[in-house]
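Listing of input_33.tsv, TSV, C-alpha atoms
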```tsv
chain	number	residue	atom	x	y	z
A	12	MET	CA	-4.79	-11.55	30.96
A	13	VAL	CA	-3.01	-12.16	27.65
A	14	ILE	CA	-2.05	-9.25	25.45
A	15	GLU	CA	-1.28	-9.98	21.83
A	16	VAL	CA	1.12	-7.72	20.01
A	17	CYS	CA	0.73	-7.61	16.25
A	18	VAL	CA	3.91	-6.82	14.37
A	19	PRO	CA	3.44	-6.12	10.67
A	20	VAL	CA	5.56	-8.40	8.52
A	21	ALA	CA	6.32	-7.61	4.90
A	22	PRO	CA	5.61	-10.61	2.68
A	23	ARG	CA	8.68	-12.22	1.10
A	24	PHE	CA	6.92	-12.74	-2.23
A	25	ILE	CA	5.02	-10.09	-4.18
A	26	ARG	CA	2.22	-11.43	-6.38
A	27	LEU	CA	2.24	-10.58	-10.07
A	28	ARG	CA	-1.01	-8.60	-9.67
A	29	ASP	CA	0.69	-6.38	-7.05
A	30	ALA	CA	4.14	-6.03	-8.60
A	31	SER	CA	3.22	-3.28	-11.08
A	32	ARG	CA	1.67	-1.23	-8.26
A	33	PHE	CA	4.91	-1.66	-6.27
A	34	PHE	CA	6.65	0.19	-9.14
A	35	GLY	CA	3.76	2.66	-9.57
A	36	MET	CA	3.27	1.74	-13.21
A	37	ASP	CA	0.64	0.03	-15.31
A	38	LYS	CA	0.89	-3.72	-15.89
A	39	ASN	CA	1.86	-3.38	-19.57
A	40	ARG	CA	4.86	-1.14	-18.81
A	41	PHE	CA	5.85	-3.42	-15.91
A	42	ASN	CA	5.66	-6.49	-18.17
A	43	ARG	CA	7.71	-4.74	-20.86
A	44	GLU	CA	10.38	-2.95	-18.81
A	45	VAL	CA	10.80	-4.72	-15.47
A	46	ARG	CA	9.38	-8.26	-15.50
A	47	PRO	CA	11.95	-9.70	-17.96
A	48	HIS	CA	14.69	-8.92	-15.41
A	49	LEU	CA	13.02	-10.65	-12.44
A	50	THR	CA	12.89	-14.30	-11.40
A	51	GLU	CA	9.30	-15.55	-11.51
A	52	ILE	CA	8.18	-17.90	-8.74
A	53	ARG	CA	5.25	-20.26	-9.30
A	54	ILE	CA	2.66	-20.45	-6.55
A	55	GLY	CA	0.27	-23.33	-7.09
A	56	THR	CA	-0.95	-23.96	-10.62
A	57	GLN	CA	-1.73	-20.39	-11.68
A	58	GLY	CA	-0.12	-18.05	-9.17
A	59	ARG	CA	3.01	-16.06	-10.06
A	60	ALA	CA	5.13	-14.02	-7.67
A	61	PHE	CA	8.50	-12.29	-7.38
A	62	ASP	CA	10.99	-12.18	-4.50
A	63	ARG	CA	10.53	-8.88	-2.64
A	64	LEU	CA	14.29	-8.43	-2.20
A	65	GLU	CA	14.87	-8.84	-5.93
A	66	VAL	CA	11.96	-6.47	-6.69
A	67	GLU	CA	13.42	-3.82	-4.35
A	68	ALA	CA	16.84	-4.14	-6.01
A	69	ALA	CA	15.22	-3.82	-9.44
A	70	ALA	CA	13.36	-0.70	-8.24
A	71	GLU	CA	16.66	0.87	-7.15
A	72	GLU	CA	18.23	0.08	-10.52
A	73	TYR	CA	15.18	1.46	-12.36
A	74	LYS	CA	15.39	4.64	-10.28
A	75	SER	CA	19.11	5.06	-10.94
A	76	ARG	CA	18.52	4.72	-14.69
A	77	ASN	CA	15.38	6.86	-15.00
A	78	GLY	CA	15.31	9.19	-12.00
A	79	ILE	CA	16.00	12.91	-12.23
A	80	PRO	CA	16.11	15.56	-9.50
A	81	VAL	CA	13.07	17.75	-9.02
A	82	ALA	CA	15.00	21.02	-8.52
A	83	LYS	CA	15.23	23.53	-11.38
A	84	PRO	CA	18.39	23.14	-13.42
A	85	SER	CA	20.81	26.06	-13.33
A	86	ARG	CA	22.48	27.60	-16.43
A	87	ARG	CA	25.22	25.03	-16.41
A	88	LYS	CA	24.42	21.37	-16.78
A	89	SER	CA	23.45	19.74	-13.51
A	90	SER	CA	25.07	16.54	-12.30
A	91	TRP	CA	22.13	14.36	-13.36
A	92	GLU	CA	22.46	15.58	-16.96
A	93	ILE	CA	26.18	14.80	-17.01
A	94	LYS	CA	25.98	11.43	-15.24
A	95	GLU	CA	25.96	8.43	-17.55
A	96	ARG	CA	22.96	6.19	-17.06
A	97	GLN	CA	22.99	2.41	-17.13
A	98	ASP	CA	21.18	1.12	-20.22
A	99	SER	CA	19.64	-2.05	-18.83
A	100	LEU	CA	19.11	-4.03	-15.65
A	101	SER	CA	21.36	-6.81	-16.94
A	102	ALA	CA	24.25	-4.56	-17.98
A	103	VAL	CA	27.22	-4.42	-15.64
A	104	GLY	CA	27.92	-1.00	-14.18
A	105	SER	CA	28.98	0.80	-11.05
A	106	GLY	CA	26.67	1.84	-8.25
A	107	THR	CA	25.64	1.09	-4.70
A	108	SER	CA	22.82	-1.34	-5.48
A	109	PRO	CA	23.81	-4.91	-4.61
A	110	SER	CA	23.32	-7.56	-7.22
A	111	SER	CA	20.23	-9.64	-6.78
A	112	SER	CA	22.31	-12.83	-6.57
A	113	GLU	CA	24.24	-11.48	-3.55
A	114	GLU	CA	20.99	-10.36	-1.98
A	115	CYS	CA	19.31	-13.72	-2.60
A	116	ALA	CA	22.32	-15.63	-1.22
A	117	PHE	CA	22.26	-13.42	1.86
A	118	ALA	CA	18.50	-13.85	2.31
A	119	ARG	CA	18.82	-17.65	2.07
A	120	ALA	CA	21.64	-17.64	4.62
A	121	LEU	CA	19.63	-15.40	6.95
A	122	GLU	CA	16.55	-17.63	6.71
A	123	GLN	CA	18.69	-20.66	7.44
A	124	ALA	CA	20.34	-18.97	10.42
A	125	MET	CA	17.00	-17.90	11.89
A	126	SER	CA	15.18	-21.21	11.31
A	127	GLY	CA	14.93	-23.93	13.94
A	128	LYS	CA	17.08	-26.23	11.80
A	129	PRO	CA	20.67	-27.02	12.80
A	130	LYS	CA	22.84	-24.10	11.80
A	131	SER	CA	25.53	-24.71	9.22
A	132	ILE	CA	26.55	-21.05	9.06
A	133	ASP	CA	27.91	-18.91	11.86
A	134	GLY	CA	27.42	-15.21	12.55
A	135	ALA	CA	30.76	-14.23	10.98
A	136	GLN	CA	29.85	-15.94	7.72
A	137	LEU	CA	26.41	-14.32	7.76
A	138	GLU	CA	27.92	-10.89	8.39
A	139	LYS	CA	30.34	-11.47	5.51
A	140	LEU	CA	27.35	-12.20	3.23
A	141	ALA	CA	25.56	-9.09	4.54
A	142	HIS	CA	28.55	-6.80	3.92
A	143	PRO	CA	27.68	-5.98	0.24
A	144	LEU	CA	24.20	-4.87	1.42
A	145	ARG	CA	25.47	-2.53	4.15
A	146	LYS	CA	24.57	0.67	2.23
A	147	SER	CA	20.89	-0.28	1.93
A	148	ASP	CA	18.48	0.23	4.82
A	149	TYR	CA	17.73	-3.48	4.85
A	150	GLY	CA	21.41	-4.44	4.94
A	151	ALA	CA	22.14	-1.99	7.76
A	152	TYR	CA	19.17	-3.34	9.70
A	153	VAL	CA	20.31	-6.95	9.33
A	154	ILE	CA	23.92	-6.16	10.24
A	155	GLY	CA	22.58	-4.39	13.34
A	156	LEU	CA	20.60	-7.51	14.27
A	157	LEU	CA	23.71	-9.65	13.82
A	158	ARG	CA	25.78	-7.42	16.06
A	159	GLU	CA	23.06	-7.50	18.73
A	160	GLY	CA	23.16	-11.30	18.60
A	161	LEU	CA	19.91	-11.84	16.62
```
The structure in this file should be written as structure tokens.
Amino acid sequence: MVIEVCVPVAPRFIRLRDASRFFGMDKNRFNREVRPHLTEIRIGTQGRAFDRLEVEAAAEEYKSRNGIPVAKPSRRKSSWEIKERQDSLSAVGSGTSPSSSEECAFARALEQAMSGKPKSIDGAQLEKLAHPLRKSDYGAYVIGLLREGL
């Protein structure tokens, strides 16, 4: 008797038609406010997609710029009113969100390490690449996998 176990796998690329729904916004707002800051990947002759890791990083940046707490403000200004917001996705600023280039470099290294091809990167190098992502859930997950020995 053979039992198959199905493990859901998140796709690496998010199609253009699905990207606006990922952000919970209409396609016009997505095209105007988010799409210019993402790297577009061609799929076939007409298909367009975006790297899921880059989309998640852009969502975090969008949230940090536009998000406000739900709680009622008190008489004095709350911290979200005082905090300076980053003006654009491309502007340099402080925060915990890793840059998409670091995330993409890490993702490429991880794919290479997990593929059947000869490995040209060791676990220490991979962990060094993962270090900037350690504060995100994904980064913590990957570092945990590395420490367990993949």
Which polymer residues, protein or nucleic acid, are no farther than 8 Å from (25.9, -12.9, 1.2), counting all atoms listed in the file, as a VMD selection string? chain A and resid 113 to 118 120 137 to 143
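Nearest residue to Gly35 of chain A, choosing from A:Pro19, A:Arg59, A:His48, A:Tyr73 and counting only C-alpha atoms: A:Tyr73.
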For Ala70 of chain A, find every residue with an atom within 10 Å (counting only C-alpha atoms), except residues of its own chain fewer than 2 positions away, and show them as a PyMOL selection string. chain A and resi 33-34+45+64-68+72-76+100+108
Produce the centre coordinates and the three edge lengths, each in Å to one decimal, of the box along x, y and z that contains all listed atoms of segment 30-36 of chain A with 5 Å added on each side, as AutoDock Vina command-line options.
```
--center_x 4.2 --center_y -1.7 --center_z -9.7 --size_x 15.0 --size_y 18.7 --size_z 16.9
```
From the list A:Ile79, A:Asp29, A:Arg63, A:Thr50, the nearest residue to Tyr149 of chain A using all atoms listed in the file is A:Arg63
Å distance separating atom CA of Arg145 of chain A from atom CA of Arg158 of chain A, one decimal place: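 Between atom CA of Arg145 of chain A and atom CA of Arg158 of chain A the gap is 12.9 Å.
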Name the closest residue to Arg119 of chain A among the candidates A:Asp62, A:Ala69, A:Gln57, A:Arg40; distances are taken between atoms, counting only C-alpha atoms.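 Nearest candidate to Arg119 of chain A out of A:Asp62, A:Ala69, A:Gln57, A:Arg40: A:Asp62.
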Counting only C-alpha atoms, the residue of A:Glu159, A:Ala60, A:Ile54, A:Ile154 that sits nearest Arg23 of chain A: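 Residue with the minimum atom-to-atom distance to Arg23 of chain A: A:Ala60.
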Which of A:Pro80, A:Gly155, A:Arg28, A:Gly150 sits closest to Phe41 of chain A [using only C-alpha atoms]: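 Looking only at the distances to Phe41 of chain A, the closest residue turns out to be A:Arg28.
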Quick check, in Å to one decimal: how far apart do atom CA of Gly78 of chain A and atom CA of Ser31 of chain A lie?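 Calculated distance between atom CA of Gly78 of chain A and atom CA of Ser31 of chain A is 17.4 Å.
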How many Å lie between atom CA of Phe24 of chain A and atom CA of Gly58 of chain A, rounded to one decimal?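 Rounded to one decimal, the two atoms are 11.2 Å apart.
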Please determine, counting only C-alpha atoms, which residue among A:Arg32, A:Val20, A:Asp148, A:Phe61 has the shortest atom-to-atom distance to Arg46 of chain A. A:Phe61
